[in-house]
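S.K.: Data: input.cif, mmCIF, C-alpha atoms and all ligand atoms.
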```cif
data_entry
#
loop_
_atom_site.label_atom_id
_atom_site.label_comp_id
_atom_site.auth_asym_id
_atom_site.auth_seq_id
_atom_site.Cartn_x
_atom_site.Cartn_y
_atom_site.Cartn_z
CA MET A 1 93.35 121.23 83.25
CA ASP A 2 93.98 124.90 82.48
CA LYS A 3 97.17 126.44 83.89
CA VAL A 4 95.60 129.74 84.89
CA ASN A 5 92.53 130.71 86.83
CA ARG A 6 90.64 133.63 85.29
CA GLN A 7 88.84 135.76 87.88
CA TRP A 8 86.67 138.87 87.94
CA LEU A 9 87.78 140.92 90.97
CA LEU A 10 85.77 143.73 92.53
CA LYS A 11 87.68 146.90 91.55
CA ALA A 12 85.43 149.69 92.81
CA ARG A 13 82.24 150.08 94.82
CA PRO A 14 79.55 151.42 92.46
CA ARG A 15 77.50 154.54 92.89
CA GLY A 16 74.44 154.19 90.70
CA MET A 17 74.17 151.39 88.15
CA ILE A 18 76.61 148.52 88.60
CA GLY A 19 78.56 147.61 85.47
CA PRO A 20 81.69 146.01 84.00
CA GLU A 21 83.73 149.10 84.98
CA HIS A 22 83.49 148.04 88.63
CA PHE A 23 85.30 144.76 88.00
CA GLU A 24 88.71 143.72 86.71
CA LEU A 25 89.52 140.54 84.78
CA VAL A 26 92.77 138.95 85.97
CA GLU A 27 94.63 135.71 85.38
CA SER A 28 95.86 134.08 88.59
CA ALA A 29 97.67 130.88 89.35
CA LEU A 30 95.47 127.82 89.83
CA PRO A 31 94.62 127.18 93.50
CA ARG A 32 97.26 124.95 95.17
CA PRO A 33 97.18 121.32 94.00
CA ASP A 34 98.07 120.07 97.54
CA LEU A 35 94.53 120.07 98.88
CA ALA A 36 93.98 119.72 102.62
CA ALA A 37 91.93 116.77 103.84
CA GLY A 38 88.27 117.31 102.95
CA GLN A 39 88.97 119.87 100.24
CA VAL A 40 88.14 119.65 96.55
CA LEU A 41 89.26 121.70 93.55
CA VAL A 42 86.18 122.72 91.57
CA LYS A 43 85.97 123.85 87.95
CA THR A 44 83.08 126.29 87.51
CA LEU A 45 80.54 125.20 84.89
CA MET A 46 77.68 127.63 85.39
CA LEU A 47 77.08 130.78 87.42
CA GLY A 48 73.84 132.14 88.85
CA PHE A 49 73.05 135.86 89.10
CA ASP A 50 71.05 137.49 91.89
CA PRO A 51 69.94 141.11 92.35
CA ALA A 52 71.32 140.82 95.90
CA MET A 53 74.82 140.95 94.39
CA ARG A 54 74.30 144.70 94.01
CA GLY A 55 74.10 144.93 97.81
CA TRP A 56 77.04 142.58 98.43
CA VAL A 57 79.48 145.02 96.77
CA MET A 58 78.58 147.87 99.14
CA ASP A 59 80.61 148.52 102.26
CA GLU A 60 77.52 148.60 104.45
CA PRO A 61 76.26 146.34 107.23
CA SER A 62 74.03 143.59 105.86
CA TYR A 63 73.23 139.91 106.31
CA LEU A 64 76.53 138.96 104.63
CA PRO A 65 79.90 140.76 104.85
CA PRO A 66 80.72 143.01 101.88
CA VAL A 67 82.84 141.52 99.09
CA PRO A 68 86.32 142.99 99.76
CA LEU A 69 87.90 145.14 97.05
CA GLY A 70 90.42 143.11 95.06
CA GLU A 71 88.63 139.80 95.76
CA PRO A 72 86.63 137.66 93.28
CA MET A 73 82.96 138.64 93.13
CA ARG A 74 80.76 136.40 95.28
CA ALA A 75 78.35 134.25 93.28
CA SER A 76 76.58 130.93 93.47
CA GLY A 77 77.45 128.36 90.86
CA VAL A 78 77.66 124.76 89.81
CA GLY A 79 80.99 123.11 89.12
CA GLN A 80 82.72 119.78 88.73
CA VAL A 81 85.33 118.32 91.08
CA VAL A 82 88.66 118.08 89.19
CA ALA A 83 90.91 117.15 92.15
CA SER A 84 89.79 115.75 95.46
CA SER A 85 90.98 115.06 99.00
CA ASN A 86 87.45 114.21 100.01
CA PRO A 87 86.25 110.60 99.56
CA THR A 88 82.60 111.74 99.55
CA LEU A 89 83.23 114.07 96.59
CA PRO A 90 85.37 112.14 94.08
CA VAL A 91 86.70 113.64 90.84
CA GLY A 92 83.83 114.14 88.42
CA THR A 93 81.19 114.95 91.06
CA LEU A 94 78.91 117.88 90.21
CA VAL A 95 78.70 120.29 93.16
CA GLN A 96 77.09 123.63 93.94
CA GLY A 97 78.02 126.41 96.30
CA LEU A 98 79.55 129.88 96.41
CA LEU A 99 82.05 129.36 93.58
CA ASN A 100 82.40 133.09 92.80
CA TRP A 101 83.34 134.76 89.50
CA GLN A 102 86.31 132.53 88.75
CA GLU A 103 87.08 129.42 86.75
CA TYR A 104 88.44 127.36 89.65
CA SER A 105 87.92 127.41 93.41
CA VAL A 106 88.73 125.30 96.44
CA GLY A 107 85.73 124.05 98.38
CA ASP A 108 85.12 121.97 101.44
CA PRO A 109 81.67 120.72 102.50
CA ASN A 110 82.59 121.33 106.14
CA GLN A 111 83.83 124.92 105.76
CA PRO A 112 81.23 127.61 106.50
CA LEU A 113 82.77 130.08 104.03
CA ALA A 114 83.41 127.77 101.08
CA PRO A 115 80.87 124.94 101.41
CA VAL A 116 80.11 122.82 98.39
CA ARG A 117 77.48 120.12 98.22
CA PRO A 118 76.62 117.57 95.54
CA LEU A 119 73.79 118.27 93.14
CA PRO A 120 70.59 116.32 93.75
CA PRO A 121 70.67 113.11 91.62
CA GLY A 122 69.35 113.61 88.11
CA THR A 123 69.71 117.39 88.28
CA GLY A 124 71.87 119.31 85.81
CA PRO A 125 73.58 122.66 86.45
CA GLY A 126 70.72 124.76 85.05
CA MET A 127 67.96 123.13 87.10
CA ALA A 128 70.09 123.17 90.25
CA LEU A 129 70.47 126.94 89.98
CA SER A 130 66.97 127.73 88.70
CA ILE A 131 63.89 125.72 89.65
CA PHE A 132 65.70 123.91 92.52
CA GLY A 133 67.92 126.91 93.38
CA SER A 134 67.78 129.64 95.98
CA THR A 135 65.18 131.76 94.14
CA SER A 136 62.69 128.90 94.26
CA LEU A 137 63.42 128.31 97.96
CA THR A 138 62.85 132.05 98.45
CA ALA A 139 59.50 131.79 96.69
CA TYR A 140 58.43 128.71 98.64
CA PHE A 141 59.29 129.87 102.15
CA GLY A 142 58.55 133.54 101.56
CA LEU A 143 55.05 132.85 100.28
CA LEU A 144 54.03 129.93 102.49
CA ASP A 145 55.85 130.71 105.75
CA VAL A 146 55.82 134.50 105.75
CA GLY A 147 52.75 135.23 103.62
CA GLN A 148 50.61 132.34 104.92
CA PRO A 149 48.06 132.44 102.08
CA ARG A 150 44.77 130.58 102.48
CA PRO A 151 42.82 128.99 99.60
CA GLY A 152 40.50 131.51 97.98
CA GLU A 153 42.60 134.51 99.04
CA THR A 154 43.97 137.02 96.54
CA VAL A 155 47.76 136.99 96.16
CA LEU A 156 49.47 139.86 94.33
CA VAL A 157 53.05 139.31 93.12
CA SER A 158 55.48 141.90 91.74
CA GLY A 159 58.47 140.97 89.59
CA ALA A 160 56.21 138.08 88.66
CA ALA A 161 57.96 136.95 85.47
CA GLY A 162 61.32 136.62 87.25
CA ALA A 163 62.94 133.60 88.83
CA THR A 164 61.45 134.23 92.27
CA GLY A 165 58.18 135.88 91.30
CA SER A 166 57.11 133.29 88.73
CA VAL A 167 57.49 130.48 91.27
CA VAL A 168 55.60 132.52 93.90
CA ALA A 169 52.72 133.11 91.50
CA GLN A 170 52.48 129.42 90.60
CA ILE A 171 52.77 128.13 94.18
CA ALA A 172 49.97 130.54 95.11
CA ARG A 173 47.85 129.14 92.27
CA LEU A 174 48.65 125.56 93.32
CA ASN A 175 47.50 126.47 96.85
CA GLY A 176 44.09 127.53 95.57
CA CYS A 177 44.65 131.28 95.64
CA ARG A 178 43.52 133.88 93.12
CA VAL A 179 46.72 135.28 91.66
CA VAL A 180 47.34 138.73 90.21
CA ALA A 181 50.81 139.06 88.69
CA ILE A 182 52.73 142.25 87.82
CA ALA A 183 55.49 142.18 85.18
CA GLY A 184 57.07 144.44 82.57
CA GLY A 185 56.34 143.98 78.86
CA THR A 186 54.02 142.03 76.57
CA GLU A 187 56.23 138.96 76.20
CA LYS A 188 56.66 138.40 79.95
CA CYS A 189 52.94 138.94 80.59
CA GLN A 190 52.04 136.46 77.85
CA TRP A 191 54.43 133.86 79.33
CA LEU A 192 52.78 134.30 82.74
CA ARG A 193 49.33 133.75 81.24
CA GLU A 194 50.16 130.87 78.92
CA ALA A 195 52.96 128.90 80.60
CA CYS A 196 52.33 129.74 84.26
CA LYS A 197 48.52 129.69 83.96
CA ILE A 198 48.05 133.00 85.78
CA ASP A 199 44.68 134.52 84.90
CA THR A 200 45.25 138.16 85.80
CA VAL A 201 48.49 139.80 84.67
CA ILE A 202 49.29 143.52 84.83
CA ASP A 203 51.93 145.07 82.56
CA TYR A 204 53.24 147.85 84.81
CA LYS A 205 55.13 149.42 81.90
CA ARG A 206 51.92 150.05 79.92
CA GLU A 207 49.11 150.22 82.48
CA ASP A 208 48.12 152.38 85.45
CA LEU A 209 49.33 150.02 88.15
CA ALA A 210 47.27 151.24 91.13
CA ALA A 211 44.07 151.43 89.06
CA ARG A 212 44.58 147.96 87.61
CA ILE A 213 45.29 146.43 91.04
CA ALA A 214 42.10 148.07 92.36
CA ALA A 215 40.05 146.75 89.44
CA SER A 216 41.59 143.26 89.63
CA CYS A 217 41.25 142.90 93.41
CA PRO A 218 37.78 144.23 94.30
CA ARG A 219 37.92 142.68 97.80
CA GLY A 220 41.50 143.85 98.33
CA VAL A 221 44.84 142.04 98.33
CA ASP A 222 45.26 139.44 101.07
CA VAL A 223 48.94 138.70 100.41
CA PHE A 224 51.32 140.97 98.53
CA PHE A 225 54.69 139.35 97.69
CA ASP A 226 56.97 142.26 96.81
CA ASN A 227 60.15 141.94 94.79
CA VAL A 228 60.19 145.51 93.51
CA GLY A 229 59.48 148.11 96.24
CA GLY A 230 59.13 151.83 95.51
CA THR A 231 55.98 152.93 93.69
CA THR A 232 54.92 149.28 93.24
CA LEU A 233 54.81 148.83 97.01
CA GLU A 234 52.88 152.07 97.30
CA ALA A 235 50.30 150.92 94.75
CA ALA A 236 49.83 147.64 96.62
CA LEU A 237 49.59 149.36 100.01
CA ALA A 238 46.69 151.38 98.63
CA ASN A 239 44.79 148.18 97.79
CA MET A 240 45.30 145.80 100.71
CA ALA A 241 42.45 143.93 102.39
CA ASP A 242 42.02 144.16 106.18
CA PHE A 243 44.50 141.89 107.99
CA GLY A 244 46.52 141.42 104.79
CA ARG A 245 50.17 140.37 104.77
CA ILE A 246 52.97 142.05 102.83
CA VAL A 247 56.01 139.85 102.23
CA LEU A 248 59.05 142.06 101.69
CA CYS A 249 61.33 139.87 99.59
CA GLY A 250 63.25 142.58 97.73
CA ALA A 251 63.04 146.08 96.33
CA ILE A 252 64.93 145.86 93.05
CA SER A 253 63.59 149.19 91.74
CA GLY A 254 65.91 150.99 94.18
CA TYR A 255 69.04 148.83 94.21
CA ASN A 256 70.98 151.10 91.85
CA ASP A 257 69.68 154.43 93.19
CA GLU A 258 72.42 156.84 94.17
CA THR A 259 70.21 158.28 96.87
CA PRO A 260 67.43 156.19 98.39
CA ALA A 261 63.93 157.07 97.19
CA PRO A 262 61.51 158.28 99.90
CA GLY A 263 59.54 155.56 101.65
CA PRO A 264 55.90 154.84 100.77
CA HIS A 265 53.71 157.88 101.46
CA ASN A 266 50.80 155.64 102.50
CA LEU A 267 52.47 153.50 105.18
CA MET A 268 49.65 154.51 107.54
CA ASN A 269 47.52 151.95 105.65
CA VAL A 270 49.41 149.29 107.63
CA VAL A 271 47.65 150.69 110.69
CA THR A 272 44.20 151.35 109.28
CA ARG A 273 44.06 147.98 107.46
CA ARG A 274 45.76 146.10 110.36
CA LEU A 275 48.43 144.69 108.02
CA ARG A 276 51.52 142.67 108.77
CA MET A 277 54.68 143.56 106.79
CA GLN A 278 57.61 141.21 107.18
CA GLY A 279 60.96 140.89 105.50
CA PHE A 280 62.93 137.66 105.31
CA ILE A 281 66.21 136.26 103.96
CA VAL A 282 66.22 132.81 102.40
CA ILE A 283 69.49 131.88 104.13
CA ASP A 284 67.53 131.46 107.38
CA TYR A 285 65.49 128.71 105.72
CA LEU A 286 68.38 126.66 104.30
CA PRO A 287 68.13 124.04 107.09
CA ARG A 288 64.62 123.34 105.72
CA ALA A 289 65.71 123.27 102.05
CA ALA A 290 64.80 119.58 101.61
CA GLU A 291 61.16 120.34 102.41
CA ALA A 292 60.95 122.89 99.58
CA ILE A 293 62.92 120.75 97.11
CA THR A 294 60.58 117.79 97.72
CA ALA A 295 57.50 119.93 97.05
CA LEU A 296 59.05 121.63 94.01
CA ALA A 297 60.17 118.28 92.56
CA ALA A 298 56.65 116.88 92.89
CA TRP A 299 55.15 119.90 91.08
CA VAL A 300 57.81 119.68 88.36
CA ALA A 301 57.18 115.95 87.90
CA ALA A 302 53.43 116.62 87.61
CA GLY A 303 54.05 119.31 84.98
CA GLU A 304 52.55 121.97 87.26
CA LEU A 305 55.50 124.40 87.39
CA ALA A 306 56.88 126.37 84.45
CA TRP A 307 60.25 128.06 84.61
CA ARG A 308 62.77 129.66 82.27
CA GLU A 309 66.55 129.71 82.25
CA ASP A 310 68.24 132.67 80.53
CA VAL A 311 71.68 131.26 79.76
CA GLN A 312 74.38 133.68 78.62
CA GLN A 313 77.81 132.50 77.50
CA GLY A 314 81.44 133.40 78.09
CA PHE A 315 83.62 134.32 81.04
CA GLU A 316 84.25 137.83 79.66
CA ASN A 317 80.51 138.55 79.70
CA ILE A 318 79.99 137.93 83.43
CA PRO A 319 79.70 141.56 84.68
CA ALA A 320 77.49 142.60 81.75
CA THR A 321 75.21 139.65 82.48
CA LEU A 322 74.55 140.96 85.99
CA GLN A 323 73.16 144.16 84.45
CA ARG A 324 70.44 142.20 82.64
CA LEU A 325 68.62 141.76 85.98
CA PHE A 326 68.39 145.52 86.45
CA ASP A 327 67.01 146.45 83.03
CA GLY A 328 64.65 143.47 82.85
CA ARG A 329 66.33 141.81 79.85
CA ASN A 330 66.52 138.49 81.74
CA GLN A 331 63.79 136.03 80.88
CA GLY A 332 63.68 133.82 83.93
CA LYS A 333 66.62 132.77 86.06
CA GLN A 334 69.76 134.57 84.89
CA LEU A 335 72.61 132.12 84.33
CA LEU A 336 75.91 132.07 82.46
CA ARG A 337 77.51 128.93 81.11
CA LEU A 338 81.30 128.56 81.28
CA ALA A 339 81.81 124.90 80.44
CA ASP A 340 80.00 121.60 80.14
CA PRO A 341 80.52 118.68 82.55
CA GLU A 342 83.17 116.20 81.41
N1 LIG A 401 64.83 137.91 100.54
C1 LIG A 401 65.57 136.96 99.94
O1 LIG A 401 66.13 136.07 100.58
C2 LIG A 401 65.71 137.00 98.45
C3 LIG A 401 66.29 135.92 97.75
C4 LIG A 401 66.33 135.95 96.34
C5 LIG A 401 65.83 137.07 95.67
N2 LIG A 401 65.31 138.12 96.40
C6 LIG A 401 64.76 139.29 95.73
O2 LIG A 401 63.77 138.86 94.82
C7 LIG A 401 63.68 139.79 93.73
C8 LIG A 401 63.75 139.03 92.41
O3 LIG A 401 65.04 138.39 92.31
P1 LIG A 401 65.30 137.31 91.16
O4 LIG A 401 66.64 136.75 91.40
O5 LIG A 401 64.14 136.40 91.08
O6 LIG A 401 65.41 138.20 89.85
P2 LIG A 401 64.40 138.23 88.60
O7 LIG A 401 63.04 138.58 89.11
O8 LIG A 401 64.55 136.99 87.82
O9 LIG A 401 64.99 139.42 87.75
C9 LIG A 401 64.86 140.74 88.16
C10 LIG A 401 63.59 141.39 87.55
O10 LIG A 401 63.29 142.56 88.29
C11 LIG A 401 62.56 143.42 87.46
N3 LIG A 401 63.11 144.78 87.61
C12 LIG A 401 64.37 145.18 87.43
N4 LIG A 401 64.48 146.51 87.64
C13 LIG A 401 63.25 146.94 87.96
C14 LIG A 401 62.70 148.22 88.27
N5 LIG A 401 63.46 149.32 88.32
N6 LIG A 401 61.37 148.29 88.53
C15 LIG A 401 60.60 147.20 88.48
N7 LIG A 401 61.05 145.97 88.19
C16 LIG A 401 62.36 145.85 87.92
C17 LIG A 401 62.71 142.96 86.02
O11 LIG A 401 61.48 142.37 85.63
P3 LIG A 401 60.45 143.20 84.66
O12 LIG A 401 61.01 143.07 83.30
O13 LIG A 401 59.14 142.52 84.88
O14 LIG A 401 60.48 144.62 85.16
C18 LIG A 401 63.78 141.87 86.12
O15 LIG A 401 63.60 140.87 85.18
C19 LIG A 401 64.79 140.81 93.95
O16 LIG A 401 64.25 141.93 94.62
C20 LIG A 401 65.75 140.07 94.87
O17 LIG A 401 66.55 140.95 95.61
C21 LIG A 401 65.24 138.08 97.76
#
```
Spit out the file's structure as structure tokens when you get a sec.
M.R.:
Amino acid sequence: MDKVNRQWLLKARPRGMIGPEHFELVESALPRPDLAAGQVLVKTLMLGFDPAMRGWVMDEPSYLPPVPLGEPMRASGVGQVVASSNPTLPVGTLVQGLLNWQEYSVGDPNQPLAPVRPLPPGTGPGMALSIFGSTSLTAYFGLLDVGQPRPGETVLVSGAAGATGSVVAQIARLNGCRVVAIAGGTEKCQWLREACKIDTVIDYKREDLAARIAASCPRGVDVFFDNVGGTTLEAALANMADFGRIVLCGAISGYNDETPAPGPHNLMNVVTRRLRMQGFIVIDYLPRAAEAITALAAWVAAGELAWREDVQQGFENIPATLQRLFDGRNQGKQLLRLADPE
């Protein structure tokens, strides 16, 4: 086992684009070897990256407390138990949880702030964080519970080539909906058509978004699943069907804005079209995670779900990897590999 624990600490709260300058790489002592009953020492193998991390570093009220300055950056990950005082998690067990930007952490399945749980059998680190990870649970519950699509309805998805959006688009297709997907760039649009079997794909970087939505959805949009916000939300609001539903999952286009962009100018369409707009946070659905995992596993086994893992390498590249989500370089779930299981 290594003698030091490398960590990326939050050094400053960003204004504008988040970057490596907001973090500091330090070498700390390994967490104490005398683990309390129930605790395990976990070596991080792989980290997952989420746009929400941009919000977690701000000192503002939210659904989770802000990451304190001088503390390791909060992040989900998969690791391996290297020392254990927990008979249910012996040395060698692969676990997932909030492992943070550090090589080692102490976890306890019964602690609310540092829970770790074993990976589903037969699942490796990449799959646990991607197709069976929180973005897929977000897609499943956000679309089906909040959006409530019916077969034959038109579902519009923004950020559709990403980890969340691509699973939304495919679950909508598997539920008999007509799917219109919005993504940036030729390669991502091609992947949505060919691998995800989505018929109508709009490249928002090259096309007139509002005009293309109007042309692609002549009877209006019944469910809009929004990952992007801003002008994308405005373009969708202009094209909703009566009694449509807008699922507010995220608004990544504004996460790094120094001053918030004005709200949609056409919000009155919610009234005239009798729409329902609802936000949600996946954490509220975690008690029902098994339901989503069962459905996702069946689709994966049947070859019905495509997904991509964008795996970067190296502890020193962690902060720069987070930036890939905000300039669209990530192709699928953004991950970073630190080590392989032993
Ligand atoms: N509510 C919840 O509980 C919950 C949980 C998980 C995620 N989310 C939200 O879901 C969304 C997607 O998250 P993810 O983890 O699946 O990431 P992702 O979609 O895999 O990656 C982010 C993507 O956002 C797009 N993007 C980045 N900046 C943009 C901009 N300025 N304008 C338009 N598009 C931009 C890029 O795609 P293009 O190259 O196509 O532009 C990028 O690849 C985020 O808004 C996130 O906050 C919400």
S.K.: Please extract the residues at most 7 Å from ligand LIG 401 (chain A), counting all atoms listed in the file, and provide them as JSON, numbers by chain, using the chain letters and residue numbers of this document.
M.R.: {"A": [49, 50, 51, 52, 134, 135, 138, 159, 160, 161, 162, 163, 164, 165, 183, 184, 185, 188, 227, 228, 249, 250, 251, 252, 253, 254, 279, 280, 281, 282, 283, 325, 326, 327, 328, 329, 330, 331, 332, 333, 334]}
S.K.: Could you tell me which of A:Glu187, A:Arg54, A:Val40, A:Glu27 comes closest to Pro118 (chain A) if we count only C-alpha atoms?
M.R.: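 Among the listed residues, A:Val40 lies closest to Pro118 (chain A).
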S.K.: Any idea what the distance is between CA of Phe141 (chain A) and CA of Gln170 (chain A)?
M.R.: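 Atom-to-atom, CA of Phe141 (chain A) and CA of Gln170 (chain A) are spaced 13.4 Å apart.
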S.K.: So, with all atoms listed in the file as the atoms that count, which of A:Gly230, A:Met1, A:Ala12, A:Asp222 lies closest to Gly152 (chain A)?
M.R.: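 Closest to Gly152 (chain A) of all the choices is A:Asp222.
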S.K.: My list of candidates is A:Glu103, A:Asp208, A:Glu291, A:Asp145. Which is closest to Leu45 (chain A) when distances are computed with all atoms listed in the file?
M.R.: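 Of all the options, A:Glu103 lies closest to Leu45 (chain A).
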S.K.: Output as a short mmCIF file (atom, residue, chain, number, x, y, z; two decimals), in the coordinates of the input: region 205-218 of chain A, completed with N, CA, C and O atoms.
M.R.:
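Final output, part_10.cif:
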```
data_model
loop_
_atom_site.label_atom_id
_atom_site.label_comp_id
_atom_site.auth_asym_id
_atom_site.auth_seq_id
_atom_site.Cartn_x
_atom_site.Cartn_y
_atom_site.Cartn_z
N LYS A 205 54.49 148.45 82.80
CA LYS A 205 55.13 149.42 81.90
C LYS A 205 54.10 150.11 80.99
O LYS A 205 54.38 151.14 80.41
N ARG A 206 52.92 149.50 80.85
CA ARG A 206 51.92 150.05 79.92
C ARG A 206 50.64 150.48 80.63
O ARG A 206 49.82 151.15 80.03
N GLU A 207 50.41 150.01 81.84
CA GLU A 207 49.11 150.22 82.48
C GLU A 207 49.26 151.06 83.75
O GLU A 207 50.35 151.14 84.32
N ASP A 208 48.15 151.64 84.19
CA ASP A 208 48.12 152.38 85.45
C ASP A 208 48.07 151.33 86.57
O ASP A 208 47.03 150.70 86.80
N LEU A 209 49.19 151.16 87.25
CA LEU A 209 49.33 150.02 88.15
C LEU A 209 48.30 150.05 89.28
O LEU A 209 47.59 149.05 89.51
N ALA A 210 48.19 151.19 89.98
CA ALA A 210 47.27 151.24 91.13
C ALA A 210 45.83 150.99 90.68
O ALA A 210 45.08 150.26 91.34
N ALA A 211 45.45 151.59 89.55
CA ALA A 211 44.07 151.43 89.06
C ALA A 211 43.80 149.98 88.67
O ALA A 211 42.73 149.43 88.95
N ARG A 212 44.78 149.35 88.03
CA ARG A 212 44.58 147.96 87.61
C ARG A 212 44.55 147.00 88.80
O ARG A 212 43.80 146.02 88.81
N ILE A 213 45.36 147.29 89.84
CA ILE A 213 45.29 146.43 91.04
C ILE A 213 43.90 146.58 91.66
O ILE A 213 43.25 145.59 92.01
N ALA A 214 43.42 147.83 91.76
CA ALA A 214 42.10 148.07 92.36
C ALA A 214 41.01 147.33 91.58
O ALA A 214 40.13 146.67 92.17
N ALA A 215 41.08 147.40 90.26
CA ALA A 215 40.05 146.75 89.44
C ALA A 215 40.15 145.23 89.51
O ALA A 215 39.14 144.52 89.47
N SER A 216 41.38 144.72 89.64
CA SER A 216 41.59 143.26 89.63
C SER A 216 41.33 142.63 91.00
O SER A 216 41.17 141.41 91.09
N CYS A 217 41.37 143.44 92.05
CA CYS A 217 41.25 142.90 93.41
C CYS A 217 40.13 143.65 94.14
O CYS A 217 40.39 144.43 95.07
N PRO A 218 38.87 143.42 93.73
CA PRO A 218 37.78 144.23 94.30
C PRO A 218 37.61 144.04 95.81
O PRO A 218 37.14 144.94 96.49
#
```
